[in-house]
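So the structure is just underneath, and the comments pick up after that.
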Amino acid sequence: MTPIQVLAAIASPIALIAATPVTAQTVTYPETRSEPLTETIFGEEIADPYRWLENDVRNDEEVAGWVEAQNKVTDGYLDTLPGNDWFKEKIGALLDYERFGLPQKAGSRYFYKRNSGLQNQSQLFVQDSLDGERRLLIDPNAWAEDGATALAGWEPSPNGSKLAYSVQDGGTDWRIIKVMDVSTGEELEDDIRWAKFTGISWMGEEGFFYSRFPEPEEGQDFQALNYNQAIYFHRLGTPQSADELVYSTPDTPKQGHGIGVSDDGRWGFVTSSLGTDSKYEVHVIDFAKRDTLGWTARPLVTGFDNSWNPIDTIGDTLYFQTNQGAPKYRIVSIDMSAAQPEWTVVVPESEQPIDGASIVGDKMVVSYLKDATTRAAVYDLQGNALPDIALGELGTAGGFGGKPGDPETFYTFTSFNRPGSIYRLDMATGKSTPFAVPELTFNPDDYVTEQKFYSSKDGTRVPMFIVRRKDVAESGKPSPTLLYGYGGFDISLTPGFKASTMAWMEAGGTYVLANIRGGGEYGKAWHDGGRLANKQNVFDDFIAAGEYLKAEGYTPSNGLAIQGGSNGGLLVGAVANQRPDLFDAGNAAVGVMDMLRFDRWTAGRYWVDDYGYPEKEADFKVLRAYSPYHNVKDGVDYPALLVTTADTDDRVVPGHSFKYTAALQAADLGDKPQLIRVETRAGHGAGKPTDKAIEEGADILSFLAKWTGLEVPSSQ
């Protein structure tokens with residue numbers, strides 16, 4: 001699996017600020033110690049007065065004190081907002097429905113996640129047949145009192161008798177892998193540590209493959225850079241110390257490695273990467289020759305030049321999805337039994353980028369992105385087109401898993417106003433039938449989704465989705481708007497249901513998703529157009545979206561809020577600096593805010609594929625120009641900003657948000673507040689318990705509503 005994915009004594013001024021009263025109009029920030037630290041980088045003096053805030057909040061008392069003081073001020077402010085209780089009730093009500101994950105079949109058994117409504121963590125269930133009785137297999141809610149320990153990944157053995165699953169504690173990217181006997185529910189003694197950025201791939205019933213990093217030095221597990229990922233094989237019933245090294249590259253420690261096993265158990269695909277770019281090397285292991293060759297991995301694709309995603313195998317024929325010679329991807333195959341194996345095109349490139357593919361039964365299901373929505377096509381294994389899968393409306397379909405010979409596949413369909421519904425597709429008839437469709441407390445037809453296209457600064461045509469209540473749209477009047485974006489790492493944003501988004505619209509607001517460059521919505525060119533030296537296009541696209549919404553009357557002149565997470569948090573910080581006059585409020589979540597030091601922690605080194613290398617002069621100049629931490633404009637009126645992060649975020653370490661917030665609060669930015677909310681026992685987002693997600697969503701929306709003029713109904 002490729003990784004595409006803070007202390008000295010408490011200062012007395014920090015201890016004293018708690019006595020300052022906080023209202024919705026005035027905020028007195030905690031005092032933040034500033035150090036006279038500067039560095040000369042490529043001839044420019046770069047100040048970094050808050051570098052001490054990079055230290056791990058779990059191990060540094062001064063940073064912990066700063067966080068406590070900031071949270072006290074922020075909590076006090078948010079508690080004054082009249083919409084907070086209403087949003088909390090509304091988000092909770094919108095989440096309180098039975099929802100399911102995609103079923104996975106192993107042997108005759110079906111495994112899937114289920115949440116009854118407001119459970120902090122979804123449970124894992126199993127059925128012994130399609131119409132069999134559902135029984136509980138794993139309940140993560142019993143693992144921790146605060147609900148912050150989650151079931152992350154899970155994979156049944158081929159015949160469904162065993163289940164390997166990974167545990168995520170407090171939001172960290174580290175995983176603990178355990179094994180269960182499915183029939184008895186007994187947890188076996190197998191216990192794997194220091195797994196990260198990994199899948200679980202079984203080799204028969206004997207054991208499974210996983211990827212791990214060396215154990216970090218004590219106290220560095222949440223900050224140390226991740227090098228020397230390696231693939232191991234764990235044989236059931238043996239200690240981790242006996243696990244066999246399958247593949248590693250100690251001479252090139254930056255390489256990351258993952259492995260997948262073909263559904264027939266014959267082939268192992270070792271996929272290697274250098275960063276987040278979809279550029280891979282692929283080696284194959286022929287398990288049929290294991291007795292003589294062991295774990296020998298034969299090079300199939302070398303050079304880190306293109307994307308190569310294994311789909312599956314039929315005998316000696318391997319199928320891949322690749323963008324080699326096809327920026328929007330194509331499906332190819334290769335016969336490994338040939339004297340000189342050569343690639344053959346099965347499904348050629350088209351105008352719509354391929355988003356995924358799988359072989360089910362004797363057919364291939366290929367998902368395309370059609371203006372950021374899903375089109376699901378079906379082909380035979382020779383590439384002849386069969387009728388598409390009818391999805392019915394604009395939205396996102398996912399899943400379509402299975403293996404050669406299977407009579408069925410399952411997929412999910414969702415949109416902005418429709419939570420995920422699970423369908424079973426009969427591969428012989430092409431007919432879809434509901435497997436799990438949620439019962440809703442609202443009418444999806446009360447909301448309308450429009451897709452609009454607007455021009456960016458350089459004339460590029462960019463799509464956006466505009467979603468609101470039908471009565472709001474029919475009124476013809478502008479309404480406070482929440483504009484969301486990401487713009488990076490070849491990640492496509494497509495329609496999907498979020499309870500917080502629905503709550504915003506329930507209150508009368510408009511929600512907009514902008515498909516800005518840097519993502520993968522239109523293939524490689526769209527990604528390349530928003531990274532490295534082209535990163536400013538991302539910000540220009542987002543700014544143009546805001547200008548369009550105000551010019552076209554969707555949004556009032558003082559009613560535009562912006563939101564983004566991770567790379568999207570960087571987006572919010574950058575555009576707030578560049579166009580503080582355009583935006584009225586913002587939420588920068590778990591953002592990458594110091595673009596001159598991002599590559600010094602955990603997974604940050606992978607991101608140079610999208611951002612560039614701070615130590616290279618040309619890249620430095622680009623990064624310096626938009627880095628949120630380094631470009632706060634003193635003496636300019638800023639939008640109200642709520643920065644959100646978490647103490648256990650070891651993907652984008654919270655020091656990014658800490659330093660950025662300190663810089664905001666030290667500057668004269670007008671009368672609107674610049675606050676930070678730091679969640680405890682949470683990470684980059686995955687595994688967050690439902691109750692924490694509801695509270696965080698209510699805090700963010702009530703803050704944005706306050707500063708965009710959204711009139712929130714009275715709490716019920």
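Ligands are numbered from 1 in the order shown, residues from 1 within each chain, and chains are lettered A, B, ... in the order they appear in the structure tokens.
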For Trp295 of chain A: contacts at 7 Å, only C-alpha atoms, fewer than 4 positions along chain excluded, given as a CSV table (one decimal) with N, CA and C atoms, in the first residue's frame:
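As written to disk, out.csv reads:
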```
chain,number,residue,atom,x,y,z
A,246,VAL,N,10.4,-10.2,3.3
A,246,VAL,CA,10.0,-10.6,1.9
A,246,VAL,C,10.7,-9.6,0.9
A,285,ILE,N,6.1,-11.9,-7.5
A,285,ILE,CA,6.6,-13.1,-6.9
A,285,ILE,C,5.6,-14.3,-7.4
A,290,ARG,N,7.8,-21.0,-5.2
A,290,ARG,CA,8.3,-20.6,-3.9
A,290,ARG,C,9.3,-21.7,-3.3
```
Select from segment 363-446 of chain A every residue with an atom at most 10 Å from any atom of segment 250-270 of chain A, then for each give the shortest pair of atoms and their distance in Å to one decimal, using only C-alpha atoms, rows by chain and rising number, as a tab-separated table.
```
residue	atom	partner	partner_atom	distance
A:Gly402	CA	A:Asp263	CA	8.6
A:Lys403	CA	A:Asp263	CA	6.1
A:Pro404	CA	A:Asp263	CA	7.6
```
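Among the candidates A:Trp143, A:Trp601, A:Phe111, A:Tyr629, the residue lying nearest to Gln223 of chain A is A:Trp601 (atoms considered: only C-alpha atoms).
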Give me the residues within 12 Å of Phe100 of chain A as an MDAnalysis selection string, counting only C-alpha atoms and dropping any in the same chain fewer than 2 places off. chainID A and resid 97:98 102:104 111:117 122:125 410:413 419:423 434:439
Please list as a ChimeraX atom specification every residue within 8 Å of Leu623 of chain A, counting only C-alpha atoms and excluding residues in the same chain fewer than 5 positions away. /A:595-596,611-612,614
If you run DSSP over the backbone, which residues in segment 390-628 of chain A end up helix (DSSP H, G or I)? Put them as a count of residues only. 77
All residues 7 Å or closer to Ala499 of chain A, only C-alpha atoms, same chain fewer than 4 positions away omitted, as a VMD selection string: chain A and resid 91 94 to 95 503
Put those residues in a file: N, CA, C and O atoms, as a short mmCIF file (atom, residue, chain, number, x, y, z; two decimals), in the first residue's frame.
```cif
data_model
loop_
_atom_site.label_atom_id
_atom_site.label_comp_id
_atom_site.auth_asym_id
_atom_site.auth_seq_id
_atom_site.Cartn_x
_atom_site.Cartn_y
_atom_site.Cartn_z
N ILE A 91 -26.56 17.69 13.74
CA ILE A 91 -25.58 16.73 13.21
C ILE A 91 -25.82 15.35 13.81
O ILE A 91 -25.78 14.33 13.11
N LEU A 94 -28.83 13.79 12.17
CA LEU A 94 -28.56 13.38 10.80
C LEU A 94 -27.67 12.14 10.72
O LEU A 94 -27.68 11.43 9.72
N LEU A 95 -26.89 11.90 11.76
CA LEU A 95 -26.04 10.71 11.82
C LEU A 95 -26.74 9.51 12.42
O LEU A 95 -26.23 8.39 12.33
N ALA A 503 -26.30 19.65 7.82
CA ALA A 503 -26.73 20.55 8.90
C ALA A 503 -26.60 22.01 8.46
O ALA A 503 -27.47 22.84 8.77
#
```
Residues at most 9 Å from Thr414 of chain A, counting only C-alpha atoms, excluding those fewer than 5 positions away in the same chain, as a CSV table (one decimal) with N, CA and C atoms, in the first residue's frame?
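Written output follows (out07.csv):
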```csv
chain,number,residue,atom,x,y,z
A,394,LEU,N,-26.4,12.0,-10.4
A,394,LEU,CA,-25.1,12.5,-10.2
A,394,LEU,C,-24.7,12.0,-8.8
A,395,GLY,N,-23.5,11.4,-8.7
A,395,GLY,CA,-23.1,10.9,-7.4
A,395,GLY,C,-21.8,10.1,-7.5
A,396,THR,N,-21.5,9.4,-6.5
A,396,THR,CA,-20.2,8.6,-6.4
A,396,THR,C,-20.5,7.2,-6.1
A,397,ALA,N,-20.0,6.3,-7.0
A,397,ALA,CA,-20.2,4.8,-6.7
A,397,ALA,C,-18.8,4.3,-6.4
A,398,GLY,N,-18.7,3.3,-5.5
A,398,GLY,CA,-17.4,2.7,-5.2
A,398,GLY,C,-17.6,1.3,-4.8
A,419,PRO,N,-27.1,9.5,1.8
A,419,PRO,CA,-26.1,8.6,2.5
A,419,PRO,C,-25.8,7.4,1.7
A,420,GLY,N,-24.7,6.8,1.9
A,420,GLY,CA,-24.3,5.6,1.1
A,420,GLY,C,-25.3,4.4,1.2
A,421,SER,N,-25.8,4.0,0.1
A,421,SER,CA,-26.6,2.8,0.0
A,421,SER,C,-25.8,1.7,-0.6
A,495,PRO,N,-19.1,13.8,-5.2
A,495,PRO,CA,-20.2,14.0,-4.3
A,495,PRO,C,-20.3,12.9,-3.3
A,496,GLY,N,-20.6,13.3,-2.1
A,496,GLY,CA,-20.7,12.4,-0.9
A,496,GLY,C,-21.5,13.0,0.2
A,497,PHE,N,-22.1,12.2,1.0
A,497,PHE,CA,-22.9,12.7,2.1
A,497,PHE,C,-22.0,12.9,3.4
```
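Atom CA of Gln127 of chain A sits 14.8 Å away from atom CA of Ser157 of chain A.
Ranking A:Gln665, A:Asn577, A:Ser211, A:Asn323 by their shortest atom-to-atom distance to Tyr280 of chain A, with only C-alpha atoms included, puts A:Asn323 first.
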If you run DSSP over the backbone, which residues in segment 2-156 of chain A end up strand (DSSP E)? Put them as a ChimeraX atom specification. /A:38-41,44-47,99-100,104-106,109-115,123-127,135-138,149-156
Residues of the last selection are to be written out with C-alpha atoms, as a CSV table (one decimal), in the first residue's frame.
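Everything below was put into again_33.csv:
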```
chain,number,residue,atom,x,y,z
A,38,THR,CA,16.2,33.6,12.0
A,39,GLU,CA,17.9,31.7,9.2
A,40,THR,CA,19.4,32.8,6.0
A,41,ILE,CA,18.1,30.6,3.2
A,44,GLU,CA,16.7,35.6,2.4
A,45,GLU,CA,16.4,36.1,6.2
A,46,ILE,CA,13.6,33.8,7.4
A,47,ALA,CA,12.2,34.4,10.8
A,99,ARG,CA,-25.4,2.4,8.0
A,100,PHE,CA,-23.3,-0.3,6.5
A,104,GLN,CA,-16.5,-8.6,1.5
A,105,LYS,CA,-16.9,-12.2,0.6
A,106,ALA,CA,-14.5,-14.9,1.7
A,109,ARG,CA,-19.0,-15.8,4.4
A,110,TYR,CA,-19.8,-12.1,4.1
A,111,PHE,CA,-18.0,-9.5,6.3
A,112,TYR,CA,-19.0,-5.9,6.7
A,113,LYS,CA,-19.1,-3.0,9.1
A,114,ARG,CA,-22.3,-1.6,10.6
A,115,ASN,CA,-23.1,1.3,12.8
A,123,GLN,CA,-18.8,-2.8,14.5
A,124,LEU,CA,-17.7,-5.7,12.3
A,125,PHE,CA,-20.3,-8.3,11.5
A,126,VAL,CA,-20.2,-11.6,9.6
A,127,GLN,CA,-22.9,-13.7,7.9
A,135,ARG,CA,-23.6,-11.9,14.1
A,136,LEU,CA,-21.2,-9.5,15.8
A,137,LEU,CA,-17.5,-10.3,15.3
A,138,ILE,CA,-15.7,-7.2,16.6
A,149,THR,CA,-9.5,3.3,19.6
A,150,ALA,CA,-10.7,2.2,16.2
A,151,LEU,CA,-10.9,-0.9,13.9
A,152,ALA,CA,-8.8,0.3,11.0
A,153,GLY,CA,-8.2,-2.3,8.3
A,154,TRP,CA,-9.4,-5.9,8.2
A,155,GLU,CA,-9.0,-8.8,5.8
A,156,PRO,CA,-10.5,-12.3,6.0
```
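The list of residues with at least one atom within 6 Å of Asp490 of chain A, based on only C-alpha atoms and without residues fewer than 5 positions apart in the same chain, reads A:Gly519, A:Gly520, A:His527.
Rounded to one decimal, atom CA of Gly586 of chain A and atom CA of Pro654 of chain A lie 18.0 Å from each other.
Distance check against Pro480 of chain A using only C-alpha atoms: of A:Gly546, A:Pro140, A:Gly635, A:Pro49, the minimum falls on A:Gly546.
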May I ask which of the residues A:Val360, A:Leu369, A:Leu130, A:Leu669 is the closest one to Phe400 of chain A, counting only C-alpha atoms? A:Val360
Would you mind telling me which residue in A:Leu245, A:Ala698, A:Glu54, A:Ala646 lies nearest to Val678 of chain A when using only C-alpha atoms? A:Ala646
